[in-house]
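Undergrad: Structure file my_file-v8.txt, compact mmCIF, C-alpha atoms, is pasted below:
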# COMPACT_ATOMS: atom_id res chain seq x y z
CA MET A 68 -26.27 -10.53 -11.45
CA GLY A 69 -23.05 -9.83 -13.35
CA GLU A 70 -20.79 -12.30 -15.13
CA GLY A 71 -20.14 -14.34 -11.99
CA ARG A 72 -16.44 -13.50 -11.89
CA LEU A 73 -16.45 -13.86 -8.09
CA ARG A 74 -18.89 -16.73 -7.73
CA GLY A 75 -18.07 -18.73 -4.60
CA LYS A 76 -15.83 -16.01 -3.16
CA ARG A 77 -16.33 -14.69 0.38
CA ALA A 78 -15.47 -11.03 0.87
CA LEU A 79 -15.11 -8.49 3.66
CA VAL A 80 -15.14 -4.83 2.58
CA SER A 81 -14.34 -2.30 5.26
CA GLY A 82 -16.02 1.09 5.17
CA SER A 83 -18.75 -0.22 2.89
CA GLY A 84 -21.72 1.71 4.23
CA THR A 85 -21.11 4.57 1.80
CA GLY A 86 -19.10 5.70 -1.20
CA ILE A 87 -16.33 3.65 -2.76
CA GLY A 88 -16.60 0.85 -0.21
CA GLN A 89 -20.31 0.42 -0.77
CA GLY A 90 -19.75 0.43 -4.53
CA ILE A 91 -17.14 -2.32 -4.20
CA ALA A 92 -19.31 -4.46 -1.93
CA LEU A 93 -22.29 -4.16 -4.27
CA GLY A 94 -20.10 -4.93 -7.27
CA PHE A 95 -18.71 -8.04 -5.58
CA ALA A 96 -22.21 -9.29 -4.80
CA ARG A 97 -23.36 -8.74 -8.38
CA GLU A 98 -20.47 -10.95 -9.46
CA GLY A 99 -21.61 -13.73 -7.14
CA ALA A 100 -19.61 -13.14 -3.94
CA ASP A 101 -20.96 -13.40 -0.41
CA VAL A 102 -20.22 -10.10 1.29
CA VAL A 103 -19.77 -8.64 4.76
CA PHE A 104 -20.45 -4.91 4.84
CA HIS A 105 -18.67 -2.92 7.54
CA TYR A 106 -19.62 0.44 9.04
CA SER A 107 -18.06 2.49 11.81
CA HIS A 108 -20.96 4.61 13.08
CA SER A 109 -24.13 4.81 10.98
CA ALA A 110 -25.62 1.46 10.00
CA GLN A 111 -28.10 2.84 7.47
CA GLY A 112 -26.02 2.52 4.30
CA ALA A 113 -24.58 -0.88 5.19
CA LEU A 114 -27.99 -2.31 6.01
CA ALA A 115 -29.41 -0.95 2.75
CA GLY A 116 -26.54 -2.64 0.91
CA VAL A 117 -27.23 -5.94 2.65
CA GLU A 118 -30.90 -5.77 1.70
CA GLU A 119 -30.02 -5.05 -1.93
CA VAL A 120 -27.51 -7.85 -2.39
CA ARG A 121 -29.62 -10.49 -0.66
CA LYS A 122 -32.07 -10.06 -3.52
CA LEU A 123 -29.29 -11.36 -5.77
CA GLY A 124 -29.24 -14.65 -3.91
CA VAL A 125 -25.94 -14.20 -2.09
CA ARG A 126 -25.26 -14.11 1.63
CA ALA A 127 -24.62 -10.76 3.27
CA THR A 128 -24.53 -9.10 6.66
CA ALA A 129 -23.44 -5.78 8.19
CA LEU A 130 -20.96 -5.57 11.06
CA GLN A 131 -19.93 -2.54 13.11
CA ALA A 132 -16.41 -1.67 14.25
CA ASP A 133 -14.81 1.60 15.33
CA PHE A 134 -11.55 1.70 13.41
CA SER A 135 -9.90 3.91 16.00
CA LYS A 136 -10.06 0.92 18.39
CA THR A 137 -7.78 -1.98 17.48
CA ASP A 138 -9.69 -4.55 19.51
CA GLN A 139 -12.84 -3.81 17.50
CA VAL A 140 -10.87 -4.05 14.26
CA LYS A 141 -9.58 -7.51 15.15
CA ALA A 142 -13.04 -8.63 16.25
CA LEU A 143 -14.47 -7.50 12.89
CA GLY A 144 -12.17 -9.84 11.01
CA GLU A 145 -13.01 -12.75 13.27
CA LYS A 146 -16.79 -12.14 13.08
CA ALA A 147 -16.68 -11.78 9.29
CA ALA A 148 -14.78 -15.05 8.93
CA ALA A 149 -17.26 -16.80 11.20
CA PHE A 150 -20.26 -15.53 9.22
CA LEU A 151 -18.75 -16.33 5.82
CA GLY A 152 -17.07 -19.59 6.82
CA GLY A 153 -13.74 -18.17 5.70
CA VAL A 154 -12.46 -15.13 3.82
CA ASP A 155 -11.24 -15.16 0.22
CA VAL A 156 -11.12 -11.41 -0.39
CA LEU A 157 -10.40 -8.53 1.97
CA VAL A 158 -10.77 -4.94 0.84
CA ASN A 159 -9.15 -2.44 3.20
CA ASN A 160 -11.17 0.58 2.19
CA ALA A 161 -12.20 2.35 5.42
CA GLY A 162 -10.38 5.61 6.02
CA ILE A 163 -10.73 9.24 7.04
CA THR A 164 -9.23 12.43 5.69
CA LEU A 165 -8.11 15.79 7.05
CA ASN A 166 -7.60 19.08 5.24
CA LEU A 167 -5.54 21.31 7.51
CA ASP A 168 -2.41 23.46 7.40
CA PHE A 169 0.68 21.51 8.43
CA ASP A 170 1.47 23.76 11.40
CA LYS A 171 -2.06 23.46 12.78
CA VAL A 172 -2.24 19.66 12.95
CA SER A 173 -2.50 18.40 16.53
CA PRO A 174 -0.90 15.19 17.85
CA GLU A 175 -4.41 13.83 18.43
CA GLN A 176 -5.41 14.43 14.79
CA PHE A 177 -2.16 12.88 13.56
CA ASP A 178 -2.64 9.78 15.72
CA LEU A 179 -6.29 9.41 14.67
CA LEU A 180 -5.52 9.44 10.94
CA TYR A 181 -2.62 7.03 11.20
CA GLY A 182 -4.65 4.84 13.56
CA VAL A 183 -7.66 4.55 11.25
CA ASN A 184 -5.85 4.65 7.90
CA VAL A 185 -2.74 2.58 8.64
CA ARG A 186 -2.93 0.68 11.93
CA ALA A 187 -6.51 -0.53 11.41
CA PRO A 188 -5.98 -2.14 7.98
CA PHE A 189 -2.73 -3.68 9.24
CA PHE A 190 -4.46 -5.47 12.10
CA LEU A 191 -7.64 -6.24 10.17
CA THR A 192 -5.51 -8.03 7.60
CA GLN A 193 -3.72 -9.85 10.40
CA SER A 194 -7.04 -10.96 11.91
CA VAL A 195 -8.41 -12.51 8.68
CA LEU A 196 -5.17 -14.21 7.72
CA PRO A 197 -5.96 -17.56 9.40
CA ALA A 198 -9.33 -17.69 7.61
CA MET A 199 -7.71 -16.84 4.27
CA ALA A 200 -4.67 -19.05 4.53
CA ALA A 201 -6.64 -22.28 4.03
CA ARG A 202 -7.11 -21.75 0.30
CA GLY A 203 -5.37 -18.47 -0.45
CA GLY A 204 -7.06 -15.28 -1.54
CA ALA A 205 -6.71 -11.63 -2.43
CA ILE A 206 -6.15 -8.54 -0.32
CA ILE A 207 -6.92 -5.19 -1.91
CA ASN A 208 -5.82 -2.04 -0.15
CA ILE A 209 -7.38 1.29 -1.08
CA SER A 210 -4.95 4.20 -1.11
CA SER A 211 -5.25 7.48 -3.04
CA ILE A 212 -3.47 9.56 -5.65
CA HIS A 213 -2.37 11.68 -2.68
CA ALA A 214 0.32 9.03 -2.29
CA PHE A 215 1.80 10.12 -5.64
CA ALA A 216 1.25 13.89 -5.91
CA GLY A 217 1.35 16.75 -3.44
CA LEU A 218 -1.51 19.01 -2.44
CA GLN A 219 -1.51 21.60 0.30
CA GLU A 220 -3.26 20.86 3.61
CA HIS A 221 -2.86 17.08 3.15
CA SER A 222 0.44 16.43 4.95
CA VAL A 223 -1.04 13.86 7.33
CA TYR A 224 -3.52 12.20 4.98
CA ALA A 225 -1.01 11.86 2.14
CA GLY A 226 1.44 10.21 4.52
CA THR A 227 -1.11 7.57 5.45
CA ARG A 228 -1.90 6.87 1.80
CA GLY A 229 1.79 6.52 0.96
CA ALA A 230 2.19 4.13 3.87
CA ILE A 231 -0.53 1.90 2.40
CA VAL A 232 1.31 1.70 -0.93
CA ALA A 233 4.52 0.65 0.82
CA PHE A 234 2.61 -1.78 3.05
CA THR A 235 1.07 -3.35 -0.07
CA ARG A 236 4.42 -4.04 -1.71
CA THR A 237 6.01 -5.56 1.37
CA LEU A 238 3.02 -7.63 2.47
CA ALA A 239 2.69 -8.99 -1.07
CA MET A 240 6.20 -10.42 -0.82
CA GLU A 241 5.54 -11.86 2.61
CA LEU A 242 2.27 -13.59 1.74
CA ALA A 243 2.93 -14.73 -1.83
CA HIS A 244 4.08 -18.18 -0.72
CA ARG A 245 0.72 -18.64 1.01
CA LYS A 246 -1.08 -18.04 -2.29
CA ILE A 247 -2.41 -14.70 -1.07
CA ARG A 248 -2.11 -11.86 -3.56
CA VAL A 249 -1.87 -8.31 -2.18
CA ASN A 250 -2.48 -5.32 -4.43
CA CYS A 251 -3.66 -1.74 -4.10
CA ILE A 252 -5.94 0.74 -5.85
CA ALA A 253 -5.26 4.47 -5.74
CA PRO A 254 -8.44 6.35 -6.74
CA GLY A 255 -8.51 9.89 -7.99
CA SER A 256 -11.59 12.11 -7.75
CA ILE A 257 -14.62 9.90 -7.22
CA LEU A 258 -18.13 11.30 -6.85
CA VAL A 259 -19.37 10.17 -3.44
CA GLY A 260 -21.79 11.72 -0.98
CA ASN A 261 -19.10 13.26 1.21
CA TYR A 262 -17.32 14.85 -1.76
CA ALA A 263 -19.92 17.57 -2.17
CA LYS A 264 -19.90 18.21 1.57
CA ALA A 265 -16.14 18.71 1.64
CA VAL A 266 -15.86 20.97 -1.43
CA ASP A 267 -17.64 24.32 -1.46
CA HIS A 268 -19.84 24.97 -4.52
CA PHE A 269 -18.94 21.57 -5.97
CA ASP A 270 -19.87 21.16 -9.64
CA PRO A 271 -19.23 17.68 -11.11
CA ALA A 272 -19.51 19.05 -14.64
CA ALA A 273 -16.48 21.29 -14.01
CA CYS A 274 -14.17 18.31 -13.37
CA THR A 275 -12.44 18.40 -16.75
CA GLY A 276 -9.24 19.69 -18.27
CA ALA A 277 -6.11 19.48 -16.13
CA ASN A 278 -8.13 18.40 -13.11
CA ILE A 279 -9.34 15.17 -14.75
CA PRO A 280 -8.01 14.78 -18.31
CA VAL A 281 -10.51 12.05 -19.23
CA GLY A 282 -13.18 14.74 -18.96
CA PHE A 283 -15.43 13.56 -16.14
CA ILE A 284 -15.33 12.69 -12.46
CA GLY A 285 -15.19 9.03 -11.52
CA GLN A 286 -17.95 6.99 -9.90
CA PRO A 287 -17.70 4.26 -7.23
CA VAL A 288 -18.38 1.70 -9.97
CA ASP A 289 -15.09 2.65 -11.63
CA ILE A 290 -13.18 1.59 -8.51
CA ALA A 291 -15.46 -1.42 -8.04
CA GLU A 292 -14.57 -2.73 -11.50
CA ALA A 293 -10.86 -2.47 -10.69
CA ALA A 294 -11.43 -4.24 -7.38
CA ILE A 295 -13.44 -7.03 -9.03
CA PHE A 296 -10.56 -7.61 -11.44
CA LEU A 297 -7.95 -7.72 -8.66
CA ALA A 298 -10.15 -10.03 -6.59
CA SER A 299 -10.73 -12.43 -9.47
CA ASP A 300 -8.52 -15.14 -10.93
CA GLN A 301 -8.08 -12.95 -14.01
CA SER A 302 -5.40 -11.02 -12.09
CA ARG A 303 -3.54 -14.11 -10.86
CA PHE A 304 -0.17 -12.80 -12.15
CA ILE A 305 -0.49 -9.35 -10.56
CA LEU A 306 1.20 -8.99 -7.18
CA GLY A 307 2.35 -6.06 -5.04
CA GLN A 308 1.10 -3.43 -7.48
CA THR A 309 -0.82 -0.19 -7.08
CA LEU A 310 -3.35 0.47 -9.82
CA ILE A 311 -4.00 4.19 -10.22
CA VAL A 312 -7.59 4.87 -11.28
CA ASP A 313 -7.79 8.63 -11.66
CA GLY A 314 -8.89 9.61 -15.17
CA GLY A 315 -5.35 10.67 -16.02
CA THR A 316 -4.90 13.16 -13.18
CA THR A 317 -1.45 12.00 -12.11
CA ALA A 318 -0.34 11.37 -15.71
CA TYR A 319 -0.73 15.01 -16.69
CA MET A 320 2.49 17.07 -16.75
CA ALA A 321 1.39 20.36 -15.20
CA ILE A 322 3.86 22.95 -16.53
CA GLY A 323 1.47 25.83 -16.91
CA LEU A 324 -0.03 24.84 -20.27
CA PRO A 325 -3.75 24.37 -20.88
CA LEU A 326 -4.61 20.73 -21.47
CA HIS A 327 -5.19 19.69 -25.12
CA GLN A 328 -3.28 22.70 -26.43
CA PRO A 329 0.03 21.89 -28.22
CA MET A 330 3.29 23.15 -26.75
CA ASN A 331 4.22 24.95 -29.98
CA ALA A 332 1.27 27.25 -29.46
CA HIS A 333 3.26 28.71 -26.56
CA PHE A 334 6.92 28.00 -27.27
CA GLY A 335 7.12 27.63 -31.05
CA ARG A 336 8.40 24.52 -32.78
CA GLY A 337 11.63 22.70 -32.17
CA TYR A 338 13.90 22.52 -29.16
CA VAL A 339 12.58 24.07 -25.96
CA PRO A 340 15.38 24.82 -23.46
CA GLY A 341 14.76 23.53 -19.96
CA VAL A 342 11.59 21.56 -20.72
In structure tokens, what does this structure look like?
TA:
Amino acid sequence: MGEGRLRGKRALVSGSGTGIGQGIALGFAREGADVVFHYSHSAQGALAGVEEVRKLGVRATALQADFSKTDQVKALGEKAAAFLGGVDVLVNNAGITLNLDFDKVSPEQFDLLYGVNVRAPFFLTQSVLPAMAARGGAIINISSIHAFAGLQEHSVYAGTRGAIVAFTRTLAMELAHRKIRVNCIAPGSILVGNYAKAVDHFDPAACTGANIPVGFIGQPVDIAEAAIFLASDQSRFILGQTLIVDGGTTAYMAIGLPLHQPMNAHFGRGYVPGV
């Protein structure tokens, strides 16, 4: 058990059978929260998470919902609230990605990504609102650094992540008077099981330099710690914000210089025209 920062909280974490979502759900439980794990297709990871956190003495269950179907999304929120007796924390983490040239994206692919990544969290949040409104709570949306920087073959995915950032700001203003805080986390490169599958010849040790200035790839626990903070009363004065957790990736000014090498090594000292 951790420090008990979430003791007495009741949380639903979507997409928590694997990766970042599973890391967040486990982190919440270690801090004392009762947790509902959600999975879309394979139950294995979610059930393993439930078994692990029950050993900590908190309540947990796993619920299935296909996030391409809005009726199942709404039912997930209602079932989670019934199991927990209310919802204090919702983490909208579930999402899918697509790497494809812009001119090859089909209407079906476009609709699927926006349906799962934007429509589903919208209506999941709507479905838990009655259960959260009784004593307030925290909603944490998971976006991505793709909302802040461009990368080829991500025209659809990046749009969905940017939509979540905008959704966070606006919903935060709408729900503040109900004592519900809405914030967002935008992860950078995080080492999860699907990462190695998506990247050919993936080498975690090579994730340094301009790719990740801090010098290493992130782990689900790094996002979990941010989520624990935003779910706890320690962040009571934070509202409508997106916390970028990316090891410095989006902070780096990529102008063709090797990281950690001074500009004067290339341009000389003094004024540099056009920079």
Undergrad: Using only C-alpha atoms, find the one residue out of A:Ala132, A:Leu143, A:Ile257, A:Val102 that sits nearest to Glu119 (chain A).
TA: A:Val102
Undergrad: For CA of Gly260 (chain A) and CA of Thr85 (chain A), determine how far apart the two atoms are, in Å to one decimal place.
TA: 7.7 Å
Undergrad: Would you please work out which residue, of A:Gly88, A:Gly229, A:Gly82, A:Gly282, is nearest to Ser107 (chain A) when using only C-alpha atoms?
TA: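 Result for the nearest residue to Ser107 (chain A): A:Gly82.
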Undergrad: Closest to His108 (chain A) among A:Val288, A:Val154, A:Ala129, A:Met320, using all atoms listed in the file?
TA: A:Ala129
Undergrad: Tell me which of A:Pro280, A:Ala318, A:Asn160, A:Val223 sits closest to Ser173 (chain A), counting all atoms listed in the file.
TA: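 Among the listed residues, the smallest separation from Ser173 (chain A) belongs to A:Val223.
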Undergrad: Nearest residue to Asp178 (chain A) out of A:Glu292, A:Val195, A:Lys136, A:Ala149, using all atoms listed in the file?
TA: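 Closest to Asp178 (chain A), using all atoms listed in the file: A:Lys136.
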Undergrad: In Å, with one decimal, what is the gap from CA of Thr137 (chain A) to CA of Phe150 (chain A)?
TA: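 Computed distance, CA of Thr137 (chain A) to CA of Phe150 (chain A), equals 20.2 Å.
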Undergrad: Distance CA of Gly203 (chain A)-CA of Asp155 (chain A), one decimal place?
TA: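 Taking CA of Gly203 (chain A) and CA of Asp155 (chain A), their separation equals 6.8 Å.
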Undergrad: Would you list the contacts of region 74-81 of chain A as a PyMOL selection string, taking every protein, DNA or RNA residue within 7 Å and counting all atoms listed in the file, but skipping same-chain residues closer than 3 positions in sequence?
TA: chain A and resi 71+88+92+98-105+147+151+153-161
Undergrad: For Arg97 (chain A), list every protein, DNA or RNA residue within 8 Å, evaluated using all atoms listed in the file, and leave out those in the same chain fewer than 3 positions away; present the list as a list in words.
TA: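 Within the cut-off, the hits are Met68, Gly69, Gly71, Leu93, Gly94, Ala100, Val120 and Leu123 of chain A.
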Undergrad: So that I can check the surroundings of Ala200 (chain A), please list as a PyMOL selection string every protein, DNA and RNA residue that reaches within 8 Å of it, counting all atoms listed in the file and ignoring chain neighbours fewer than 6 positions away.
TA: chain A and resi 245-247
Undergrad: Nearest residue to Gly204 (chain A) out of A:Gln176, A:Gly162, A:Ala216, A:Asp300, using all atoms listed in the file?
TA: A:Asp300
Undergrad: Around the point (-0.8, 3.5, -3.4), in the coordinates given by the file, pick out the residues reaching within 8 Å, counting all atoms listed in the file, and return them as a list of chain:residue names.
TA: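 Counting all atoms listed in the file, I find these residues within 8 Å of (-0.8, 3.5, -3.4): A:Ile209, A:Ser210, A:Ser211, A:Ile212, A:Ala214, A:Phe215, A:Arg228, A:Gly229, A:Ala230, A:Ile231, A:Val232, A:Ala233, A:Thr235, A:Cys251, A:Ile252, A:Ala253, A:Thr309, A:Leu310, A:Ile311.
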Undergrad: Could those selected residues go to a file with C-alpha atoms, as a short mmCIF file (atom, residue, chain, number, x, y, z; two decimals), in the coordinates of the input?
TA:
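File produced: selection-v5.cif:
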data_model
loop_
_atom_site.label_atom_id
_atom_site.label_comp_id
_atom_site.auth_asym_id
_atom_site.auth_seq_id
_atom_site.Cartn_x
_atom_site.Cartn_y
_atom_site.Cartn_z
CA ILE A 209 -7.38 1.29 -1.08
CA SER A 210 -4.95 4.20 -1.11
CA SER A 211 -5.25 7.48 -3.04
CA ILE A 212 -3.47 9.56 -5.65
CA ALA A 214 0.32 9.03 -2.29
CA PHE A 215 1.80 10.12 -5.64
CA ARG A 228 -1.90 6.87 1.80
CA GLY A 229 1.79 6.52 0.96
CA ALA A 230 2.19 4.13 3.87
CA ILE A 231 -0.53 1.90 2.40
CA VAL A 232 1.31 1.70 -0.93
CA ALA A 233 4.52 0.65 0.82
CA THR A 235 1.07 -3.35 -0.07
CA CYS A 251 -3.66 -1.74 -4.10
CA ILE A 252 -5.94 0.74 -5.85
CA ALA A 253 -5.26 4.47 -5.74
CA THR A 309 -0.82 -0.19 -7.08
CA LEU A 310 -3.35 0.47 -9.82
CA ILE A 311 -4.00 4.19 -10.22
#
Undergrad: Give as number ranges by chain the set of residues within 7 Å of the point (-20.7, 2.1, -6.1), where distances use the file's coordinates and all atoms listed in the file.
TA: A: 86-87, 89-91, 93, 286-288, 291
